Every structure is written in C-alpha cells, then in structure tokens.
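A.B. asks: So that we are looking at the same thing, I have put the structure below in structure tokens.
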Amino acid sequence: MSKQVTRVDTLFLHQTGDDYLVVARRDGKRVLRGKLELKETNAGPRPLRFLVTRKGNDSPRDPSQFVELARSAARIRISQQTPKAGRDELKEMLDGYQLEALTVRTCRRCAVNGRYSPITDDTAIKAEHEHICRDCAVQELEGELSFAGGLTQAAQERLEELLYETGDLTRITNLLQGELDPDLTKFDTISATTEDVELVETETLDLHPNLKSMLTERFDTLLPVQSLAIDNGLLDGDDQLVVSATATGKTLVGELAGINRMLNDDGKMLFLVPLVALANQKHEDFKERYGHLGKVTIRVGASRINDDGNRFDPNADVIVGTYEGIDHALRTGKDLGDIGTVVIDEVHTLKEEERGHRLDGMIARLKHYCEARAKRRESYGGAQWIYLSATVGNPKWLAQNLRANLVEYEDRPVPIERHVTFADGQEKPRIENRLVRQAFDSKSSKGYRGQTIIFTNSRRRCHEISRKIDYNAAAYHAGLDYGQRKRVERQFANQDLAAVVTTAALAAGVDFPASQVIFDTLAMGIEWLSVQEFSQMLGRAGRPDYHDKGVVYLLVEPDASYHNTMEMTEDEVAFKLLKGEMEEVRTVYDQSSAVEETLANIVVAGKKAKALNNRMLGEVPTTHAVGKLLEWGFIDGLDPTPLGLAVTRQFLSPREAFAILDGIRKGSSPYEIVADLELDEEGR
C-alpha cells in the first residue's frame, strides 16, 4: 500500500453486489477507492482479496494492506444502505481485529460512485423511494432545469433554498411542471400593517354644508391617510403629495379639497388620470356621487365628443380627464375656466420613458394657465394641487420639487401572499384556470367570492386566456369600446365574473375589487415591468372591505423573453421584481422629449416658455431644444409655425413628424404612413 495512505480520517464501507466498496478519506478528500472481498475462516470473516482502483483500473493488493488501512483510520463507517447480512459480516470481520465501526445513513448514489456522503434527518433529501445527499439532489435538479430550458442563477438559488427547506426533490421538480403546491410556490408574505393615526371626525370638518352632510352620512371618521391630509393643510389650500397603498382612501383626499372649493366658488375641480379606462370609471363615479351638486364632464382626447357620446363641457364644475386630454385643450388654447383644484392621480407616471415628460410638461403648462388667469381675474386665487400615488421611491425629493406637503401613510389593510411557479406559455392558461376556479369557489369572512385579475402583455393574449377559463371571464383592454368596458366593470362588481384578463389598462387603478392577481407575463407590450409598475399591479390584490388577504401569482417561463430588444429573461426579471427596491420618480429628458415639451410650452406660453421649462421636474436643455426647433422649421423666432402647431397638437415626436412628412412627399397613402409608424414603434 502506498505510503500516502498510512493514515486516514475515515474509512467507509458499502456493499455493492458480492463485494464491498472501500473509500478512504483524509482532510476532507478521497485518497483511496477500492473493492474488498471477504472469505469465511475458522476465526470468522477475513479479507480474501483487496483491489485498489486508480484511473478506472483495479490493482490487486495484499489483503493485509486493507487491515493496515483500517487500523490507521480515525473512524470506520458502514453504510446503512448495506443489507443487514453484509453489515453483520463487516462488523464481525472488524471485531476480529478489535476495530469498531458505526453504521451511518449515507447517500446511495454517492456510494455507488465511490463517494462517502453521510446524511442525517436534517440533510437528507427525499428522491422518489430513497434519500440522497444535497449534492446529488442539486445535481438532479440541475438536470431537470436543463431539460426545462434552463433557469437563471437567481431562480436556481430560489429552488435550491426550497429544496433544502422541504427535503423533497420531487416536490421541487413538480414546480417546473406548473404544480401549485402553496407551501412551495409561496415566496413571501407582505404583512398587513397599520400606522397609528388619530382619526379626524367628519363632524369637525370645516366643509361646505352640502358636502359635509353627504360625508357625515357615509362616515363617522375619516380614514388614516385622509386624516393625515387634513392635519397637513388639505382644507387650508396647501398643495399635497399623498403617497399610500392602493385602497387606503387617497381619492377622497382630492375629492374633499376639490368639491369643497367648487361649492365655495373657488374654482372647478380637475381630476386627471393616465388612462381612458380609468377616466371613464372616475367620471361615472363622480356623476353618481356629485352630479346633484354640479355639472360633471370628461375630457380624454382631442375630440369634443367623448367615448360615451356626450359632449365635453369646459364650463362644467368637475372635469375628469386624461393627462393628454387636458394637455390637448391647453395646446389648442381652450378656455377651461377658473380651476380651483387639480388632482393628479398616479403621479409616478412622471418617471415613465414615453409619457413622463408629457405629464411633466402638462403640469407646468396647467400651472401657467392657472397663474395667468389669476392675474386677469382678481376674484380667482389660483389652484390647489393634489398629487396621488401608491408607489414612490423618493417621496421627500418629489414633494420638495413639486412644492407640496408630503402626506405619507405606510399601511397595507390586508396581507398579500406572493407566489412563484414555473410554466411555459402554453401551460400557463391551464394553471390560471385552476387558480381562478380555486379563488371563485371560496368566500372570505366578509361573504365575497374570490375574484382574479390576470395581467398579460397583449390584447390578443387577453382574449386567448379568457376563453380558456371555465368560469365566466372577460378580456378588458383599451381596444374595447366604452360600453364593453362598462359592462365588464359592472359584471365584476356584481361578482358575475370570476376573472378579468387585462393589459396595463387596469394597472393604474381601475377599481376592480380582486382578491387574486396573476401575472401571466412580467412584460407590458415589449418591455419588462419596473418594480414600481409591478408593485402597483400586485397592490390590486386584496381589499379590506371584501377580502381577508390578497394572493399574487407570478407564472414564470424559464429563459423566456417577448421581444428581441429584451436583454433579461422572465425568470431573471421575476426575482429582480420580488427583491427589488422601488425606483425613484424622476423625469429624464433626451433631445426628442426636450424638443417636444419646449415646442408645447412655446405654443402655450410664447416668450415665457423658458420659465415653464425651468419649473419642470426634469432638466430641459432649453437653448439646444430651441435651436433644433428653429433648424427643423417648427418655430419662427419664438412663434410656432403652422407645421409646429400641427406637430404639437397631435403630440408628435420629431421622429414621427419627419416620418409623416417623408410619407407625404413620397405620395404614400395615409394608411401606409400610419402602418409604417406602427411598425417602427414595434421595432420591426
């Protein structure tokens, strides 16, 4: 025997067929692997043949060398997987040399491959009908992941954590086939939290009598975030940034200020939202609630005829609008009357690449409008600004730059469970159907069935999924007309629908009291969700007056992306979103957005456009933008040209404007021009 094996830490013995596997380890490393055959003698079992395996070849050694090896070992271990007769034979042989051995649980797969891997109740992993060590379990899991298409490191680490927690390899690999074991799919729980706030009694509020009587009939006290807003000067006319989770009562903060000022002849209320679907819902709500107190109208686009067939009335007491709808009125010189309150819902839209700069510009232009009107009318004192959001990563900075008091209430009325499971695109509808059925078949302690919002990345996919749900389900997206959207909203509110399947149309706060949110994809269109968008969307799960908890499922397709411009894969994005920190709300300008907003400011404010640029949230390179506008013929001096007016009134970027001009010069039909713009927008 080699001198290198004169001392070993552990000698491991395991029966394989008629022979015994011998593994010797020293300092944590294997130093010898061999085979031992015993013979029966008058003195009991003794070594008959000893083979040492090197590089796949077995070299015979004198059987006495095995005895020498055994005597040098600090400890001798016999595998529990060795049959009892074999264990007894080994122990009798070792007793003959006055050597002691313990029987230990070991990994059979390691033993077959000449490795010594003891396992305990804490470390053993169940794999079908046996228990194996963690290394072998992870190796098998990696093989399953490779077969499934591969997972990123973060996803693999999460599965390994679950493997160690459960000690069951089969349960983990089942996740890759879309199994819904809730003990395994659950990533975490966002606990319900309640901040201690002294609630304001509605009887004590200094409100117009008509509004106060309405309020006291509905509530004895305000909710915490509403009480904080009152304490921070809401009824004194102070501007406010209100940051609080979904369903905590932020909307009423804006209503209290706006309706009260309207009734006191301090100007009308503008309630502005990012999406037409949300504007329609708020318009209906406000007409029902306040229609007897004043005229309520809606402005969602360039047309004077709204989606519901009614005319936009700029003289109304309450105007609900989209950002672009009101901005179009400003860009075309519409008289909006005296504005007493402006409520900007979903103000975190300021950070969005495509729409953030337009909201930033619209706020500056609307403030200019209000200030200019106040100078002309001594009886009008200007507007109070209320900004609302559920998700802001830098609330103090944002409040300071909006010149508003910060009202921040960190509260979640009900806990939210967040689950992750893996499935491919074809398998996802089957899983979604099971989850929808499971939720709708249950009732909360408040007596409401569980209802589901499924978020996906295309209108086509909305219809595809909704058709595969066994219970009543409907697609809901911006492509539906007003009547279709209202019907879906009404059916969901009446619990006639088990699920709605939607794109981003619901993410911004349309009021569907769902207990469960499912992410069919983590993309919206051809872009991955941001942490802020993700938090906003999952916040739709669970309402305090309806549900005991909210449930969120992420259905993740390993190694998937939805457009060639996406650098990450869906499993990478999943764990980034689950562990990510909220992004800061800041508006960033490139040349195109700087030119677009500067042109709009010139159209609205003329020579005061630079002052509007300076008051915007993002830094606008005014001199450079003006130079480009002059170069491209959009302005003459600081006056817009007819081309410039057309560009700004249609919300065109410079690239889009030039594409249209090129199409006109080439004699292309309007349909061809629009088609080319759409294809270019999709990156095709």
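FYI, nothing fancy with the structure tokens labels: chains A, B, ... in order, residues from 1 per chain, ligands from 1 as they appear.
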As a list in words, please: the residues near A:Asp58 (cut-off 9 Å, only C-alpha atoms, same-chain neighbours under 4 positions excluded).
C.D. replies: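 Final neighbour list, sorted by chain and number: Gly34, Lys35, Leu51, Val52, Thr53 and Arg54 of chain A.
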A.B. asks: Would you export the selected residues with N, CA and C atoms as a PDB file, in the first residue's frame, please?
C.D. replies:
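Final output, selection.pdb:
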```
ATOM      1  N   GLY A  34     -11.474   1.410  -3.447  1.00  0.00           N
ATOM      2  CA  GLY A  34     -11.140   0.037  -3.782  1.00  0.00           C
ATOM      3  C   GLY A  34     -12.301  -0.910  -3.547  1.00  0.00           C
ATOM      4  N   LYS A  35     -12.015  -2.194  -3.722  1.00  0.00           N
ATOM      5  CA  LYS A  35     -13.013  -3.243  -3.521  1.00  0.00           C
ATOM      6  C   LYS A  35     -12.446  -4.279  -2.564  1.00  0.00           C
ATOM      7  N   LEU A  51      -8.647  -4.879  -3.863  1.00  0.00           N
ATOM      8  CA  LEU A  51      -8.285  -4.213  -5.110  1.00  0.00           C
ATOM      9  C   LEU A  51      -8.351  -2.700  -4.900  1.00  0.00           C
ATOM     10  N   VAL A  52      -7.345  -1.984  -5.372  1.00  0.00           N
ATOM     11  CA  VAL A  52      -7.333  -0.516  -5.331  1.00  0.00           C
ATOM     12  C   VAL A  52      -7.590   0.003  -6.746  1.00  0.00           C
ATOM     13  N   THR A  53      -8.575   0.880  -6.867  1.00  0.00           N
ATOM     14  CA  THR A  53      -8.972   1.404  -8.176  1.00  0.00           C
ATOM     15  C   THR A  53      -8.287   2.732  -8.442  1.00  0.00           C
ATOM     16  N   ARG A  54      -7.549   2.769  -9.559  1.00  0.00           N
ATOM     17  CA  ARG A  54      -6.897   4.012  -9.977  1.00  0.00           C
ATOM     18  C   ARG A  54      -7.142   4.209 -11.468  1.00  0.00           C
TER      19      ARG A  54
END
```
A.B. asks: To test your reading of the structure, identify every residue in stretch 64-205 of chain A that backbone DSSP assigns to strand (DSSP E), and report it as a PDB file with N, CA, C and O atoms, in the first residue's frame.
C.D. replies:
```pdb
ATOM      1  N   ALA A  73      -7.254   4.197  10.378  1.00  0.00           N
ATOM      2  CA  ALA A  73      -8.390   5.112  10.262  1.00  0.00           C
ATOM      3  C   ALA A  73      -8.830   5.629  11.623  1.00  0.00           C
ATOM      4  O   ALA A  73      -8.913   4.868  12.593  1.00  0.00           O
ATOM      5  N   ALA A  74      -9.105   6.917  11.684  1.00  0.00           N
ATOM      6  CA  ALA A  74      -9.611   7.504  12.921  1.00  0.00           C
ATOM      7  C   ALA A  74     -11.021   7.003  13.222  1.00  0.00           C
ATOM      8  O   ALA A  74     -11.408   6.893  14.379  1.00  0.00           O
ATOM      9  N   ARG A  75     -11.773   6.719  12.177  1.00  0.00           N
ATOM     10  CA  ARG A  75     -13.130   6.193  12.369  1.00  0.00           C
ATOM     11  C   ARG A  75     -13.495   5.349  11.164  1.00  0.00           C
ATOM     12  O   ARG A  75     -13.061   5.617  10.038  1.00  0.00           O
ATOM     13  N   ILE A  76     -14.308   4.323  11.426  1.00  0.00           N
ATOM     14  CA  ILE A  76     -14.785   3.435  10.365  1.00  0.00           C
ATOM     15  C   ILE A  76     -16.297   3.518  10.338  1.00  0.00           C
ATOM     16  O   ILE A  76     -16.956   3.427  11.384  1.00  0.00           O
ATOM     17  N   ARG A  77     -16.833   3.730   9.130  1.00  0.00           N
ATOM     18  CA  ARG A  77     -18.274   3.873   8.988  1.00  0.00           C
ATOM     19  C   ARG A  77     -18.787   2.857   7.960  1.00  0.00           C
ATOM     20  O   ARG A  77     -18.186   2.664   6.907  1.00  0.00           O
ATOM     21  N   ILE A  78     -19.923   2.212   8.302  1.00  0.00           N
ATOM     22  CA  ILE A  78     -20.569   1.259   7.398  1.00  0.00           C
ATOM     23  C   ILE A  78     -21.890   1.868   6.948  1.00  0.00           C
ATOM     24  O   ILE A  78     -22.667   2.355   7.766  1.00  0.00           O
ATOM     25  N   SER A  79     -22.121   1.826   5.651  1.00  0.00           N
ATOM     26  CA  SER A  79     -23.336   2.416   5.091  1.00  0.00           C
ATOM     27  C   SER A  79     -24.575   1.673   5.565  1.00  0.00           C
ATOM     28  O   SER A  79     -24.623   0.444   5.526  1.00  0.00           O
ATOM     29  N   LEU A 102     -19.212   2.223  13.166  1.00  0.00           N
ATOM     30  CA  LEU A 102     -20.587   2.682  13.335  1.00  0.00           C
ATOM     31  C   LEU A 102     -21.327   2.577  12.008  1.00  0.00           C
ATOM     32  O   LEU A 102     -20.757   2.794  10.936  1.00  0.00           O
ATOM     33  N   THR A 103     -22.614   2.255  12.109  1.00  0.00           N
ATOM     34  CA  THR A 103     -23.449   2.246  10.920  1.00  0.00           C
ATOM     35  C   THR A 103     -24.074   3.629  10.756  1.00  0.00           C
ATOM     36  O   THR A 103     -24.650   4.170  11.710  1.00  0.00           O
ATOM     37  N   VAL A 104     -23.945   4.230   9.578  1.00  0.00           N
ATOM     38  CA  VAL A 104     -24.452   5.581   9.337  1.00  0.00           C
ATOM     39  C   VAL A 104     -25.310   5.595   8.074  1.00  0.00           C
ATOM     40  O   VAL A 104     -25.133   4.785   7.164  1.00  0.00           O
ATOM     41  N   ILE A 125     -32.328  14.407   1.473  1.00  0.00           N
ATOM     42  CA  ILE A 125     -33.328  14.871   0.514  1.00  0.00           C
ATOM     43  C   ILE A 125     -34.063  13.656  -0.038  1.00  0.00           C
ATOM     44  O   ILE A 125     -33.433  12.731  -0.560  1.00  0.00           O
ATOM     45  N   LYS A 126     -35.394  13.692   0.087  1.00  0.00           N
ATOM     46  CA  LYS A 126     -36.181  12.589  -0.437  1.00  0.00           C
ATOM     47  C   LYS A 126     -36.235  12.671  -1.953  1.00  0.00           C
ATOM     48  O   LYS A 126     -36.551  13.704  -2.525  1.00  0.00           O
ATOM     49  N   ALA A 127     -35.911  11.554  -2.614  1.00  0.00           N
ATOM     50  CA  ALA A 127     -35.966  11.474  -4.073  1.00  0.00           C
ATOM     51  C   ALA A 127     -36.651  10.167  -4.425  1.00  0.00           C
ATOM     52  O   ALA A 127     -36.030   9.097  -4.365  1.00  0.00           O
ATOM     53  N   GLU A 130     -36.125   6.888  -2.039  1.00  0.00           N
ATOM     54  CA  GLU A 130     -34.898   6.855  -1.251  1.00  0.00           C
ATOM     55  C   GLU A 130     -34.544   8.269  -0.814  1.00  0.00           C
ATOM     56  O   GLU A 130     -35.171   9.244  -1.220  1.00  0.00           O
ATOM     57  N   HIS A 131     -33.518   8.332   0.053  1.00  0.00           N
ATOM     58  CA  HIS A 131     -33.000   9.621   0.489  1.00  0.00           C
ATOM     59  C   HIS A 131     -31.570   9.767  -0.013  1.00  0.00           C
ATOM     60  O   HIS A 131     -30.779   8.824   0.060  1.00  0.00           O
ATOM     61  N   ILE A 132     -31.279  10.965  -0.520  1.00  0.00           N
ATOM     62  CA  ILE A 132     -29.946  11.220  -1.073  1.00  0.00           C
ATOM     63  C   ILE A 132     -29.379  12.479  -0.434  1.00  0.00           C
ATOM     64  O   ILE A 132     -30.078  13.209   0.271  1.00  0.00           O
ATOM     65  N   LYS A 186     -45.075  29.702  -2.458  1.00  0.00           N
ATOM     66  CA  LYS A 186     -45.087  30.966  -1.713  1.00  0.00           C
ATOM     67  C   LYS A 186     -43.684  31.516  -1.557  1.00  0.00           C
ATOM     68  O   LYS A 186     -42.809  30.882  -0.973  1.00  0.00           O
ATOM     69  N   PHE A 187     -43.469  32.703  -2.093  1.00  0.00           N
ATOM     70  CA  PHE A 187     -42.173  33.370  -1.979  1.00  0.00           C
ATOM     71  C   PHE A 187     -42.078  34.118  -0.658  1.00  0.00           C
ATOM     72  O   PHE A 187     -41.087  34.017   0.057  1.00  0.00           O
ATOM     73  N   ASP A 188     -43.122  34.878  -0.328  1.00  0.00           N
ATOM     74  CA  ASP A 188     -43.148  35.594   0.947  1.00  0.00           C
ATOM     75  C   ASP A 188     -44.557  36.119   1.191  1.00  0.00           C
ATOM     76  O   ASP A 188     -45.467  35.937   0.372  1.00  0.00           O
ATOM     77  N   THR A 189     -44.735  36.738   2.329  1.00  0.00           N
ATOM     78  CA  THR A 189     -45.990  37.406   2.663  1.00  0.00           C
ATOM     79  C   THR A 189     -45.679  38.843   3.059  1.00  0.00           C
ATOM     80  O   THR A 189     -44.804  39.089   3.897  1.00  0.00           O
ATOM     81  N   ILE A 190     -46.361  39.770   2.402  1.00  0.00           N
ATOM     82  CA  ILE A 190     -46.262  41.176   2.803  1.00  0.00           C
ATOM     83  C   ILE A 190     -47.328  41.391   3.874  1.00  0.00           C
ATOM     84  O   ILE A 190     -48.528  41.313   3.600  1.00  0.00           O
TER      85      ILE A 190
END
```
A.B. asks: What is the distance between atom CA of A:Glu352 and atom CA of A:Leu252, in Å to one decimal?
C.D. replies: 25.5 Å
A.B. asks: I want to know what sits within 12 Å of A:Leu330, based on only C-alpha atoms, with residues of the same chain fewer than 4 positions away left out; could you give that as a PyMOL selection string?
C.D. replies: chain A and resi 299+301-302+314+323-326+334-337+361-370+600-605+648-649
A.B. asks: Kindly export the residues of the current selection with C-alpha atoms, as a compact mmCIF listing (two decimals), in the first residue's frame.
C.D. replies:
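Final file, selection-v4.txt:
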```txt
# COMPACT_ATOMS: atom_id res chain seq x y z
CA ARG A 299 -62.07 65.06 -21.46
CA GLY A 301 -58.75 63.22 -26.17
CA ALA A 302 -58.82 65.77 -28.95
CA PRO A 314 -65.36 73.12 -20.47
CA TYR A 323 -53.33 63.91 -18.95
CA GLU A 324 -53.26 64.14 -22.74
CA GLY A 325 -56.91 65.22 -22.94
CA ILE A 326 -56.33 68.27 -20.76
CA LYS A 334 -59.20 76.06 -24.97
CA ASP A 335 -60.68 78.11 -22.11
CA LEU A 336 -61.04 75.77 -19.12
CA GLY A 337 -62.45 78.45 -16.81
CA GLY A 361 -44.89 69.45 -19.32
CA MET A 362 -48.65 69.37 -18.82
CA ILE A 363 -48.27 70.21 -15.11
CA ALA A 364 -46.07 73.19 -15.97
CA ARG A 365 -48.47 74.39 -18.68
CA LEU A 366 -51.54 73.99 -16.48
CA LYS A 367 -49.87 75.89 -13.65
CA HIS A 368 -49.03 78.65 -16.14
CA TYR A 369 -52.67 78.72 -17.27
CA CYS A 370 -53.96 78.99 -13.69
CA ALA A 600 -45.63 72.74 -26.47
CA ASN A 601 -44.52 75.39 -23.94
CA ILE A 602 -43.88 77.90 -26.73
CA VAL A 603 -47.33 77.22 -28.20
CA VAL A 604 -48.98 77.75 -24.79
CA ALA A 605 -46.78 80.42 -23.20
CA THR A 648 -47.67 69.80 -31.01
CA ARG A 649 -51.45 69.47 -31.32
```
A.B. asks: Excluding same-chain residues fewer than 6 positions from A:Lys468, what lies within 9 Å of it counting only C-alpha atoms, as a list in words?
C.D. replies: Pro429, Arg430, Glu432 and Asn433 of chain A
A.B. asks: Go ahead and save the residues from that selection, with N, CA, C and O atoms, as a CSV table (one decimal), in the first residue's frame.
C.D. replies:
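Contents of again30.csv, freshly written:
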```csv
chain,number,residue,atom,x,y,z
A,429,PRO,N,-52.2,29.1,-19.3
A,429,PRO,CA,-53.7,29.1,-19.1
A,429,PRO,C,-54.3,28.0,-18.3
A,429,PRO,O,-55.3,28.2,-17.6
A,430,ARG,N,-53.7,26.8,-18.4
A,430,ARG,CA,-54.2,25.7,-17.5
A,430,ARG,C,-54.1,26.0,-16.1
A,430,ARG,O,-55.0,25.8,-15.2
A,432,GLU,N,-53.7,29.1,-14.8
A,432,GLU,CA,-54.6,30.2,-14.5
A,432,GLU,C,-56.1,29.8,-14.2
A,432,GLU,O,-56.7,30.3,-13.3
A,433,ASN,N,-56.5,28.8,-15.0
A,433,ASN,CA,-57.9,28.3,-14.9
A,433,ASN,C,-58.1,27.7,-13.5
A,433,ASN,O,-59.1,27.9,-12.8
```
